[in-house]
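A.B. asks: Okay, here's the structure, questions in a sec.
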Amino acid sequence: MKQGFRQSMAWLHTWTGLVVGWVLLLIFMAGTASYYRETLNRWMRPELPRVQVSEATALAGAVKYLQRHAADAELWNIRLPGPRDPTLTMYWLNPAPADGAAQGRRARFGTATVDPASGEDVAARDTHGGEFFYRLHFDLHYVPVVWARYFVGFCAMFMLVAIITGVITHKKIFKDFFTFRPGKGQRSWLDFHNLSAVMALPYHAMITYTGIVTLMFMYLPWAMKATYPEGEERFYNEAFNRIVEVREAAGRPGAMLPPQRLLEQAGARWPGVAIGSVVVHHPGDANAAVEISAARGDNLTVDTPSILLDAGSGRLLAATGAPGGATQTRGVMVGLHLAHFASPLLRLLFFGSGLLGCLMVASGVILWAVKERPKHAKAGRIGFGLRLVDALNIGAVAGLPIAFAAYFWANRLLPLEVAARPEQEANAFFLAWAAALLAAFAWPRRAMWAWQLYAGGALFALVPVLNALTTGIHLGATVPAGDWALAGVDLVCLGLGVCLAIAGWRMQHWTPPLTAAQKRARQAPSATAATEGAR
C-alpha cells in the first residue's frame with residue numbers, strides 16, 4: 001500500500017460505492033417504500049372495503065367462497081385480515097390436467113380477494129401495489145429472478161465493503177455527525193454525505209448485512225447440497241421448522257369442522273395470539289388437514305408457530321417444535337430486514353433511515369463528479385467518464401422519483417379493464433425512468449437537474465389531487481375518518497413533492513463557489529489598487 005492504509009481504504013470506498021451506486025439507489029428507494037407495502041396495497045386498490053371483522057367471520061366467509069369456486073383444488077391458502085392489511089386474500093392450487101398436458105403457472109394457481117364481512121368478490125382494480133417495490137428491490141424487473149438476485153447480492157456486498165471502508169476512512173466520524181458547512185462546494189457535499197451516512201450508520205450496516213443473509217442459501221448452497229443430495233426441500237423444511245403434510249388424499253369425500261372450532265384449537269394452544277394464515281390440504285377429502293399459523297405480530301423473528309389438525313375431527317396431527325439456534329438467528333435477521341415487528345413509530349424511524357440511505361448513496365455518486373470536475377476543467381475538456389457519471393447521476397437521482405410518481409399516476413389513470421394491468425403499471429415506471437435517463441444522456445447539464453427535480457416534485461405533489469379526482473379515499477375522507485395509514489400516503493407524496501421542488505429551485509439558482517485561483521484573481525486588482533493608494 002504505497003499510499004498508506006487509510007488512503008487505500010478511501011480509494012476502495014470511492015470505487016465500490018461508485019461502481020454499483022446507481023443500482024444501490026434503486027434498491028434503497030424500493031426497499032424503503034416496501035416498509036409500507038401493505039398500506040400501498042390498500043391505497044392502490046381503493047375499491048377494497050375498509051372494515052374489520054373477527055377471524056372466525058373472515059375464515060368462514062373464505063371457506064364458503066372456496067367451496068363454491070375451488071372445490072376441486074388440491075390446496076387452499078387463506079391469509080386472514082390483520083391490523084395493517086384488512087383484506088382477505090386466498091390462493092388455491094388447481095388440480096393437474098388428467099391427460100398430463102403442460103399447464104402454465106397462471107393456470108395452475110388461482111387467487112381471489114373478497115370482502116371479509118360478506119365473503120363475496122370485491123371488484124377491485126388489478127395491481128401489484130406495494131408488492132411491486134418489494135419485489136423490485138431484490139428481483140429487479142425484466143430480469144430472470146436468479147440472475148437478478150445474484151446481481152443484487154453482488155451490489156449488497158459492495159455496499160457492505162463501502163460501509164466498512166467508510167468507517168475506517170473517517171478518523172473523526174463522531175465529529176462528522178454534527179458537521180455541515182453549506183455553500184462550500186465540494187466540502188458541503190462531503191459533509192452532507194458524511195452526515196447522512198453517520199446519522200443512520202447502525203441501520204445501514206444492519207440492513208445491508210441482513211439483506212445478504214435473507215438469500216444466503218442461494219449464494220452459498222454447497223454445504224446444503226452436500227448434506228441433502230436428495231434435494232433442497234427437506235433441508236428447508238428442517239431448517240425453517242416447517243410442518244410437512246405427509247398424508248395422501250383418501251379419494252373419498254369428507255366433512256370439515258366449522259372454522260370456529262378449528263380456531264378454538266389454535267386459541268387454546270396460543271392464548272391471545274392472532275391467526276395469520278390457514279392452509280387446507282386436500283379440501284373436501286376424508287384425509288383433509290388444516291394448517292394454522294400464528295400471525296407475526298410484534299415478534300422480532302419472521303418464523304411463527306404452526307399446528308396441523310385433522311379437518312374432520314380437529315385432532316392434532318403435528319406441531320412445530322422449538323426452533324434451533326441457527327433457525328432463530330436466521331429468523332431474527334430476516335425479521336430485522338423486513339421490520340414486520342415494528343410499531344408505527346419504529347416503522348417511521350426505519351422509513352426515515354431508509355431515506356437517509358437514499359441520500360447517502362445519491363450524495364456519494366454526486367460527490368465523485370464534484371471532485372472530478374475541477375480536474376477536467378483544468379484540462380480544458382470534459383472527459384467521457386465524467387460525462388457518463390453526470391448523466392447517470394441525473395437519470396438516477398432526479399429520474400427515479402419521476403418513475404416512482406409515474407407508477408402511482410398509472411394506478412389511478414389506467415382503465416380498470418385494461419389487459420395485464422399490473423404489468424402496464426410496471427411498464428409506466430420503467431418508461432418514465434427510461435425517458436429521464438435518455439434526457440439526461442442527451443443533455444447532462446445543471447438545467448436538466450432542475451427540470452427533472454421539478455418534474456418529480458410536481459408529479460408527487462399532485463398525487464393527492466389526482467387521488468381526490470379519481471377515488472373516494474382522498475384526504476377529505478381519510479383524515480376525518482382517522483384513517484392515517486391511507487392519509488399518510490397522500491401526505492408523504494405531498495411532502496416528497498415539496499422537497500423535490502425545493503431541490504430543483506436550489507439547483508436552478510445555485511452559484512458555484514469560487515475556486516482558490518478565482519479568489520486570487522479577484523483579490524489581485526484590489527491589492528494593486530490598495531498599494532497604489534498607499535503610495
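Within each chain, counting starts at residue 1; across the C-alpha cells, chains are named A, B, ... in the order shown, with ligands numbered 1 upward in that order.
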Tell me which protein, DNA and RNA residues are within 7 Å of segment 358-369 of chain A, counting only C-alpha atoms, leaving out same-chain ones fewer than 5 positions away, and put them as a list of chain:residue names.
C.D. replies: A:Leu18, A:Gly21, A:Leu25, A:Phe28, A:Met29, A:Trp189, A:Leu190, A:His193, A:Ser196, A:Ala197, A:Leu386, A:Val389, A:Asp390, A:Asn393, A:Val397
A.B. asks: Those residues you just picked out, can you put them in a file as an mmCIF file, in the first residue's frame with N, CA and C atoms?
C.D. replies:
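result_18.cif was written with the following content:
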```cif
data_model
loop_
_atom_site.group_PDB
_atom_site.id
_atom_site.type_symbol
_atom_site.label_atom_id
_atom_site.label_comp_id
_atom_site.auth_asym_id
_atom_site.auth_seq_id
_atom_site.Cartn_x
_atom_site.Cartn_y
_atom_site.Cartn_z
ATOM 1 N N LEU A 18 -19.107 3.812 -6.152
ATOM 2 C CA LEU A 18 -19.458 4.372 -7.461
ATOM 3 C C LEU A 18 -19.892 3.295 -8.445
ATOM 4 N N GLY A 21 -23.354 2.277 -7.418
ATOM 5 C CA GLY A 21 -24.130 3.285 -6.701
ATOM 6 C C GLY A 21 -25.529 3.495 -7.249
ATOM 7 N N LEU A 25 -29.055 2.785 -5.349
ATOM 8 C CA LEU A 25 -30.066 3.816 -5.129
ATOM 9 C C LEU A 25 -31.458 3.271 -5.439
ATOM 10 N N PHE A 28 -32.329 0.871 -2.576
ATOM 11 C CA PHE A 28 -32.668 1.591 -1.353
ATOM 12 C C PHE A 28 -34.038 2.251 -1.465
ATOM 13 N N MET A 29 -34.314 2.884 -2.592
ATOM 14 C CA MET A 29 -35.604 3.563 -2.755
ATOM 15 C C MET A 29 -36.759 2.569 -2.702
ATOM 16 N N TRP A 189 -20.736 18.997 -0.064
ATOM 17 C CA TRP A 189 -21.199 17.675 -0.496
ATOM 18 C C TRP A 189 -20.589 16.582 0.371
ATOM 19 N N LEU A 190 -19.304 16.734 0.720
ATOM 20 C CA LEU A 190 -18.669 15.738 1.583
ATOM 21 C C LEU A 190 -19.309 15.735 2.967
ATOM 22 N N HIS A 193 -22.692 14.038 2.682
ATOM 23 C CA HIS A 193 -22.529 12.589 2.537
ATOM 24 C C HIS A 193 -22.172 11.955 3.884
ATOM 25 N N SER A 196 -25.343 12.152 6.322
ATOM 26 C CA SER A 196 -26.400 11.182 6.007
ATOM 27 C C SER A 196 -25.951 9.761 6.270
ATOM 28 N N ALA A 197 -24.641 9.502 6.188
ATOM 29 C CA ALA A 197 -24.128 8.160 6.457
ATOM 30 C C ALA A 197 -24.037 7.881 7.949
ATOM 31 N N LEU A 386 -16.567 11.419 -16.834
ATOM 32 C CA LEU A 386 -17.336 12.393 -16.064
ATOM 33 C C LEU A 386 -18.687 12.660 -16.712
ATOM 34 N N VAL A 389 -20.920 9.739 -15.816
ATOM 35 C CA VAL A 389 -21.376 9.797 -14.423
ATOM 36 C C VAL A 389 -22.399 10.906 -14.239
ATOM 37 N N ASP A 390 -22.190 12.060 -14.868
ATOM 38 C CA ASP A 390 -23.162 13.152 -14.770
ATOM 39 C C ASP A 390 -24.534 12.713 -15.271
ATOM 40 N N ASN A 393 -26.061 10.190 -12.894
ATOM 41 C CA ASN A 393 -26.492 10.860 -11.668
ATOM 42 C C ASN A 393 -27.838 11.550 -11.859
ATOM 43 N N VAL A 397 -30.671 9.917 -9.690
ATOM 44 C CA VAL A 397 -31.021 10.722 -8.510
ATOM 45 C C VAL A 397 -32.274 11.550 -8.750
#
```
A.B. asks: Using DSSP assignments from the backbone, pull out every residue in segment 35-114 of chain A that falls under strand (DSSP E or B) and give it to me as a list in words.
C.D. replies: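 Those residues are Leu75, Trp76, Asn77, Ile78, Arg79, Leu88, Thr89, Met90, Tyr91, Trp92, Leu93, Phe109, Gly110, Thr111, Ala112, Thr113 and Val114 of chain A.
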A.B. asks: Once you have the residues from the selection above, write them out as a PDB file, in the first residue's frame, restricted to C-alpha atoms.
C.D. replies:
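Output file again-v6.pdb follows:
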```
ATOM      1  CA  LEU A  75     -54.811 -26.870  -1.578  1.00  0.00           C
ATOM      2  CA  TRP A  76     -56.350 -23.693  -0.162  1.00  0.00           C
ATOM      3  CA  ASN A  77     -54.217 -20.923   1.321  1.00  0.00           C
ATOM      4  CA  ILE A  78     -56.165 -18.272   3.219  1.00  0.00           C
ATOM      5  CA  ARG A  79     -54.467 -15.122   4.539  1.00  0.00           C
ATOM      6  CA  LEU A  88     -58.981 -11.218   2.969  1.00  0.00           C
ATOM      7  CA  THR A  89     -56.946 -12.892   0.253  1.00  0.00           C
ATOM      8  CA  MET A  90     -56.731 -16.525  -0.766  1.00  0.00           C
ATOM      9  CA  TYR A  91     -54.807 -18.715  -3.158  1.00  0.00           C
ATOM     10  CA  TRP A  92     -55.510 -22.219  -4.333  1.00  0.00           C
ATOM     11  CA  LEU A  93     -53.723 -24.909  -6.307  1.00  0.00           C
ATOM     12  CA  PHE A 109     -52.850 -21.228  -9.339  1.00  0.00           C
ATOM     13  CA  GLY A 110     -55.996 -19.297  -8.564  1.00  0.00           C
ATOM     14  CA  THR A 111     -56.356 -16.202  -6.415  1.00  0.00           C
ATOM     15  CA  ALA A 112     -59.129 -14.012  -5.084  1.00  0.00           C
ATOM     16  CA  THR A 113     -59.670 -11.033  -2.803  1.00  0.00           C
ATOM     17  CA  VAL A 114     -63.050 -10.954  -1.092  1.00  0.00           C
TER      18      VAL A 114
END
```
A.B. asks: Quick one: DSSP alpha helix (DSSP H) residues in segment 44-233 of chain A, as a ChimeraX atom specification?
C.D. replies: /A:55-69,105-108,131-139,145-169,173-176,186-199,201-214,216-219,222-227,232-233
A.B. asks: Got time to write the residues from that selection, C-alpha atoms, as a compact mmCIF listing (two decimals), in the first residue's frame?
C.D. replies:
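Output below, filename selection11.txt:
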```txt
# COMPACT_ATOMS: atom_id res chain seq x y z
CA GLU A 55 -61.03 -14.07 12.45
CA ALA A 56 -63.89 -16.59 12.63
CA THR A 57 -66.13 -14.48 10.38
CA ALA A 58 -63.37 -13.93 7.84
CA LEU A 59 -62.37 -17.61 7.78
CA ALA A 60 -65.97 -18.78 7.46
CA GLY A 61 -66.51 -16.45 4.50
CA ALA A 62 -63.29 -17.61 2.86
CA VAL A 63 -64.18 -21.31 3.25
CA LYS A 64 -67.65 -20.77 1.76
CA TYR A 65 -66.14 -18.88 -1.17
CA LEU A 66 -63.56 -21.59 -1.85
CA GLN A 67 -66.14 -24.36 -1.57
CA ARG A 68 -68.09 -22.61 -4.33
CA HIS A 69 -65.23 -21.58 -6.62
CA ARG A 105 -48.18 -21.23 -13.68
CA ARG A 106 -51.11 -18.82 -14.01
CA ALA A 107 -53.47 -21.68 -14.86
CA ARG A 108 -52.14 -23.82 -12.01
CA GLU A 131 -45.55 -5.64 -3.70
CA PHE A 132 -44.01 -4.18 -6.86
CA PHE A 133 -41.50 -2.19 -4.83
CA TYR A 134 -40.81 -5.13 -2.54
CA ARG A 135 -40.01 -7.46 -5.44
CA LEU A 136 -38.17 -4.73 -7.32
CA HIS A 137 -35.63 -4.18 -4.55
CA PHE A 138 -34.24 -7.72 -4.84
CA ASP A 139 -35.74 -9.22 -8.02
CA VAL A 145 -35.05 -13.92 -10.93
CA VAL A 146 -31.93 -15.98 -10.25
CA TRP A 147 -29.62 -13.61 -12.10
CA ALA A 148 -31.29 -10.58 -10.53
CA ARG A 149 -30.76 -11.91 -7.01
CA TYR A 150 -27.13 -12.74 -7.70
CA PHE A 151 -26.60 -9.23 -9.02
CA VAL A 152 -28.37 -7.63 -6.05
CA GLY A 153 -26.25 -9.76 -3.70
CA PHE A 154 -23.12 -8.58 -5.53
CA CYS A 155 -24.22 -4.97 -5.06
CA ALA A 156 -25.00 -5.61 -1.37
CA MET A 157 -21.51 -7.00 -0.83
CA PHE A 158 -20.05 -3.87 -2.42
CA MET A 159 -22.27 -1.79 -0.15
CA LEU A 160 -21.00 -3.64 2.91
CA VAL A 161 -17.40 -3.04 1.82
CA ALA A 162 -18.20 0.65 1.28
CA ILE A 163 -19.66 0.94 4.80
CA ILE A 164 -16.66 -0.73 6.45
CA THR A 165 -14.10 1.26 4.46
CA GLY A 166 -16.07 4.45 5.08
CA VAL A 167 -15.82 3.94 8.84
CA ILE A 168 -12.07 3.26 8.54
CA THR A 169 -11.52 6.30 6.33
CA ILE A 173 -16.60 10.02 12.49
CA PHE A 174 -18.38 11.39 15.57
CA LYS A 175 -17.45 14.95 14.65
CA ASP A 176 -18.83 14.31 11.16
CA GLN A 186 -17.15 20.09 -2.60
CA ARG A 187 -16.74 20.50 1.16
CA SER A 188 -20.53 20.82 1.56
CA TRP A 189 -21.20 17.68 -0.50
CA LEU A 190 -18.67 15.74 1.58
CA ASP A 191 -20.24 17.00 4.82
CA PHE A 192 -23.71 16.05 3.59
CA HIS A 193 -22.53 12.59 2.54
CA ASN A 194 -20.86 12.05 5.91
CA LEU A 195 -23.86 13.37 7.83
CA SER A 196 -26.40 11.18 6.01
CA ALA A 197 -24.13 8.16 6.46
CA VAL A 198 -23.26 8.60 10.13
CA MET A 199 -26.76 9.57 11.30
CA LEU A 201 -24.88 4.13 10.31
CA PRO A 202 -26.21 1.25 12.50
CA TYR A 203 -29.24 0.99 10.22
CA HIS A 204 -27.12 0.99 7.05
CA ALA A 205 -24.89 -1.79 8.37
CA MET A 206 -27.84 -3.82 9.65
CA ILE A 207 -29.99 -3.53 6.51
CA THR A 208 -27.08 -4.41 4.21
CA TYR A 209 -25.89 -7.41 6.19
CA THR A 210 -29.37 -8.82 6.84
CA GLY A 211 -30.24 -8.32 3.17
CA ILE A 212 -27.39 -10.65 2.26
CA VAL A 213 -28.48 -13.13 4.96
CA THR A 214 -32.02 -13.40 3.54
CA MET A 216 -27.58 -16.76 1.97
CA PHE A 217 -28.66 -20.28 0.98
CA MET A 218 -28.83 -19.16 -2.64
CA TYR A 219 -25.40 -17.53 -2.53
CA TRP A 222 -22.73 -26.06 -1.46
CA ALA A 223 -22.95 -27.29 2.14
CA MET A 224 -26.71 -27.73 1.80
CA LYS A 225 -26.37 -29.71 -1.43
CA ALA A 226 -23.65 -31.91 0.04
CA THR A 227 -25.68 -32.72 3.16
CA GLU A 232 -33.31 -28.99 -1.06
CA GLU A 233 -36.92 -29.33 0.12
```
A.B. asks: I'd like the interatomic distance between atom CA of Lys371 of chain A and atom CA of Gly456 of chain A, to a tenth of an Å.
C.D. replies: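 Computing it gives 26.4 Å between the two atoms.
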A.B. asks: Have a look at atom CA of Gly324 of chain A and atom CA of Arg242 of chain A and let me know their distance in Å, one decimal.
C.D. replies: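 A separation of 12.3 Å between them.
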A.B. asks: Just how far from atom CA of Gly267 of chain A is atom CA of Leu300 of chain A, in Å to one decimal?
C.D. replies: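 Atom-to-atom, atom CA of Leu300 of chain A and atom CA of Gly267 of chain A are spaced 21.1 Å apart.
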A.B. asks: Leaving out Val492 of chain A and any residue of its chain fewer than 2 positions from it, which residues lie within 12 Å of it when counting only C-alpha atoms, given as a ChimeraX atom specification?
C.D. replies: /A:33,36,40,348,351-352,405,457,460-464,475,484-490,494-499
A.B. asks: Print the selection's residues with N, CA and C atoms to a file, as a JSON list (two decimals), in the first residue's frame.
C.D. replies:
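See result14.json below for the written result:
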```
[["chain", "number", "residue", "atom", "x", "y", "z"],
["A", 33, "ALA", "N", -39.63, 2.12, 0.34],
["A", 33, "ALA", "CA", -41.08, 2.14, 0.09],
["A", 33, "ALA", "C", -41.74, 0.86, 0.57],
["A", 36, "TYR", "N", -43.94, 0.14, 3.82],
["A", 36, "TYR", "CA", -45.38, 0.40, 3.86],
["A", 36, "TYR", "C", -46.08, -0.29, 2.69],
["A", 40, "LEU", "N", -49.60, 0.58, 0.93],
["A", 40, "LEU", "CA", -49.67, 0.89, -0.51],
["A", 40, "LEU", "C", -50.60, -0.07, -1.23],
["A", 348, "LEU", "N", -41.76, 4.24, 11.22],
["A", 348, "LEU", "CA", -41.45, 5.56, 10.67],
["A", 348, "LEU", "C", -39.96, 5.85, 10.79],
["A", 351, "PHE", "N", -38.30, 3.96, 8.06],
["A", 351, "PHE", "CA", -38.55, 4.66, 6.79],
["A", 351, "PHE", "C", -37.62, 5.87, 6.66],
["A", 352, "GLY", "N", -37.50, 6.65, 7.75],
["A", 352, "GLY", "CA", -36.61, 7.80, 7.71],
["A", 352, "GLY", "C", -35.16, 7.40, 7.52],
["A", 405, "ALA", "N", -43.26, 8.26, -8.95],
["A", 405, "ALA", "CA", -44.51, 9.00, -9.04],
["A", 405, "ALA", "C", -45.35, 8.53, -10.22],
["A", 457, "GLY", "N", -41.08, 16.61, -8.49],
["A", 457, "GLY", "CA", -41.81, 17.32, -7.44],
["A", 457, "GLY", "C", -43.26, 17.55, -7.81],
["A", 460, "PHE", "N", -45.25, 14.16, -7.74],
["A", 460, "PHE", "CA", -45.54, 13.70, -6.38],
["A", 460, "PHE", "C", -46.54, 14.62, -5.69],
["A", 461, "ALA", "N", -46.35, 15.93, -5.80],
["A", 461, "ALA", "CA", -47.22, 16.87, -5.11],
["A", 461, "ALA", "C", -48.66, 16.80, -5.61],
["A", 462, "LEU", "N", -48.85, 16.42, -6.88],
["A", 462, "LEU", "CA", -50.20, 16.34, -7.44],
["A", 462, "LEU", "C", -50.86, 14.98, -7.24],
["A", 463, "VAL", "N", -50.15, 14.02, -6.65],
["A", 463, "VAL", "CA", -50.76, 12.71, -6.38],
["A", 463, "VAL", "C", -52.01, 12.85, -5.50],
["A", 464, "PRO", "N", -51.99, 13.64, -4.40],
["A", 464, "PRO", "CA", -53.23, 13.80, -3.62],
["A", 464, "PRO", "C", -54.37, 14.40, -4.42],
["A", 475, "LEU", "N", -57.84, 12.82, 0.99],
["A", 475, "LEU", "CA", -57.61, 13.38, 2.32],
["A", 475, "LEU", "C", -58.88, 13.91, 2.95],
["A", 484, "TRP", "N", -55.26, 7.20, 9.18],
["A", 484, "TRP", "CA", -53.99, 7.86, 8.93],
["A", 484, "TRP", "C", -53.06, 7.04, 8.06],
["A", 485, "ALA", "N", -53.31, 5.75, 7.94],
["A", 485, "ALA", "CA", -52.47, 4.93, 7.05],
["A", 485, "ALA", "C", -52.66, 5.38, 5.60],
["A", 486, "LEU", "N", -53.93, 5.47, 5.16],
["A", 486, "LEU", "CA", -54.19, 5.90, 3.79],
["A", 486, "LEU", "C", -53.89, 7.38, 3.61],
["A", 487, "ALA", "N", -54.24, 8.19, 4.61],
["A", 487, "ALA", "CA", -53.95, 9.62, 4.51],
["A", 487, "ALA", "C", -52.44, 9.85, 4.45],
["A", 488, "GLY", "N", -51.68, 8.99, 5.12],
["A", 488, "GLY", "CA", -50.23, 9.15, 5.13],
["A", 488, "GLY", "C", -49.60, 9.02, 3.76],
["A", 489, "VAL", "N", -50.18, 8.18, 2.90],
["A", 489, "VAL", "CA", -49.64, 8.03, 1.54],
["A", 489, "VAL", "C", -49.75, 9.37, 0.80],
["A", 490, "ASP", "N", -50.91, 10.01, 0.87],
["A", 490, "ASP", "CA", -51.08, 11.31, 0.22],
["A", 490, "ASP", "C", -50.16, 12.35, 0.83],
["A", 494, "LEU", "N", -47.09, 14.38, -0.95],
["A", 494, "LEU", "CA", -47.06, 15.85, -0.96],
["A", 494, "LEU", "C", -45.75, 16.37, -0.40],
["A", 495, "GLY", "N", -45.29, 15.78, 0.72],
["A", 495, "GLY", "CA", -44.03, 16.21, 1.31],
["A", 495, "GLY", "C", -42.84, 15.95, 0.40],
["A", 496, "LEU", "N", -42.81, 14.77, -0.23],
["A", 496, "LEU", "CA", -41.73, 14.48, -1.16],
["A", 496, "LEU", "C", -41.74, 15.45, -2.35],
["A", 497, "GLY", "N", -42.94, 15.78, -2.81],
["A", 497, "GLY", "CA", -43.05, 16.73, -3.92],
["A", 497, "GLY", "C", -42.49, 18.09, -3.56],
["A", 498, "VAL", "N", -42.80, 18.57, -2.36],
["A", 498, "VAL", "CA", -42.28, 19.86, -1.92],
["A", 498, "VAL", "C", -40.76, 19.83, -1.81],
["A", 499, "CYS", "N", -40.23, 18.75, -1.22],
["A", 499, "CYS", "CA", -38.76, 18.63, -1.08],
["A", 499, "CYS", "C", -38.07, 18.60, -2.43]]
```
A.B. asks: Using only C-alpha atoms, which residues sit within 9 Å of Ala239 of chain A once same-chain residues fewer than 4 positions away are excluded, as a PyMOL selection string?
C.D. replies: chain A and resi 234-235+323-324+326-327
A.B. asks: Which neighbours of Phe441 of chain A fall inside 9 Å, counting only C-alpha atoms, when residues of the same chain fewer than 4 positions from it are skipped, and could you give them as a list in words?
C.D. replies: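 Returned residues: Arg387, Leu388, Asp390, Ala391, Leu392, Ile394, Gly395, Ala436 and Leu437 of chain A.
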A.B. asks: Just write the chosen residues, C-alpha atoms, as a PDB file, in the first residue's frame.
C.D. replies:
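Saved result, again-v1.pdb, follows:
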```
ATOM      1  CA  ARG A 387     -19.989  12.958 -18.736  1.00  0.00           C
ATOM      2  CA  LEU A 388     -21.235   9.384 -18.208  1.00  0.00           C
ATOM      3  CA  ASP A 390     -23.162  13.152 -14.770  1.00  0.00           C
ATOM      4  CA  ALA A 391     -25.831  11.599 -16.989  1.00  0.00           C
ATOM      5  CA  LEU A 392     -26.294   8.588 -14.713  1.00  0.00           C
ATOM      6  CA  ILE A 394     -29.239  12.961 -13.219  1.00  0.00           C
ATOM      7  CA  GLY A 395     -31.126   9.942 -14.546  1.00  0.00           C
ATOM      8  CA  ALA A 436     -35.456  10.605 -17.684  1.00  0.00           C
ATOM      9  CA  LEU A 437     -32.255   8.696 -18.451  1.00  0.00           C
TER      10      LEU A 437
END
```
A.B. asks: Of the candidates A:Ala274, A:Tyr228, A:Val280, A:Pro480, which one gets nearest to Ala295 of chain A if we count only C-alpha atoms?
C.D. replies: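 The answer is A:Ala274, which sits nearest to Ala295 of chain A.
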A.B. asks: Go through A:Leu438, A:Leu317, A:Val122, A:Met9 and flag the residue nearest Val246 of chain A, using only C-alpha atoms for the distances.
C.D. replies: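 Comparing A:Leu438, A:Leu317, A:Val122, A:Met9 against Val246 of chain A, the winner is A:Leu317.
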A.B. asks: Nearest to His340 of chain A among A:Gly297, A:Glu417, A:Gln452, A:Gly130, with distances taken over only C-alpha atoms: which residue is it?
C.D. replies: A:Gly297
A.B. asks: Show which residues sit within 7 Å of Ala286 of chain A, as a list of chain:residue names. Count only C-alpha atoms, and ignore same-chain residues fewer than 6 positions away.
C.D. replies: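 Using only C-alpha atoms, the neighbours found are A:Ala250, A:Arg252, A:Pro253, A:Gly254.
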A.B. asks: Would you save the residues from that selection as a PDB file, in the first residue's frame, using C-alpha atoms?
C.D. replies:
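New file result_25.pdb:
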```pdb
ATOM      1  CA  ALA A 250     -58.034 -40.679   0.523  1.00  0.00           C
ATOM      2  CA  ARG A 252     -63.399 -40.175  -0.828  1.00  0.00           C
ATOM      3  CA  PRO A 253     -65.327 -37.131   0.391  1.00  0.00           C
ATOM      4  CA  GLY A 254     -65.128 -35.921   3.965  1.00  0.00           C
TER       5      GLY A 254
END
```
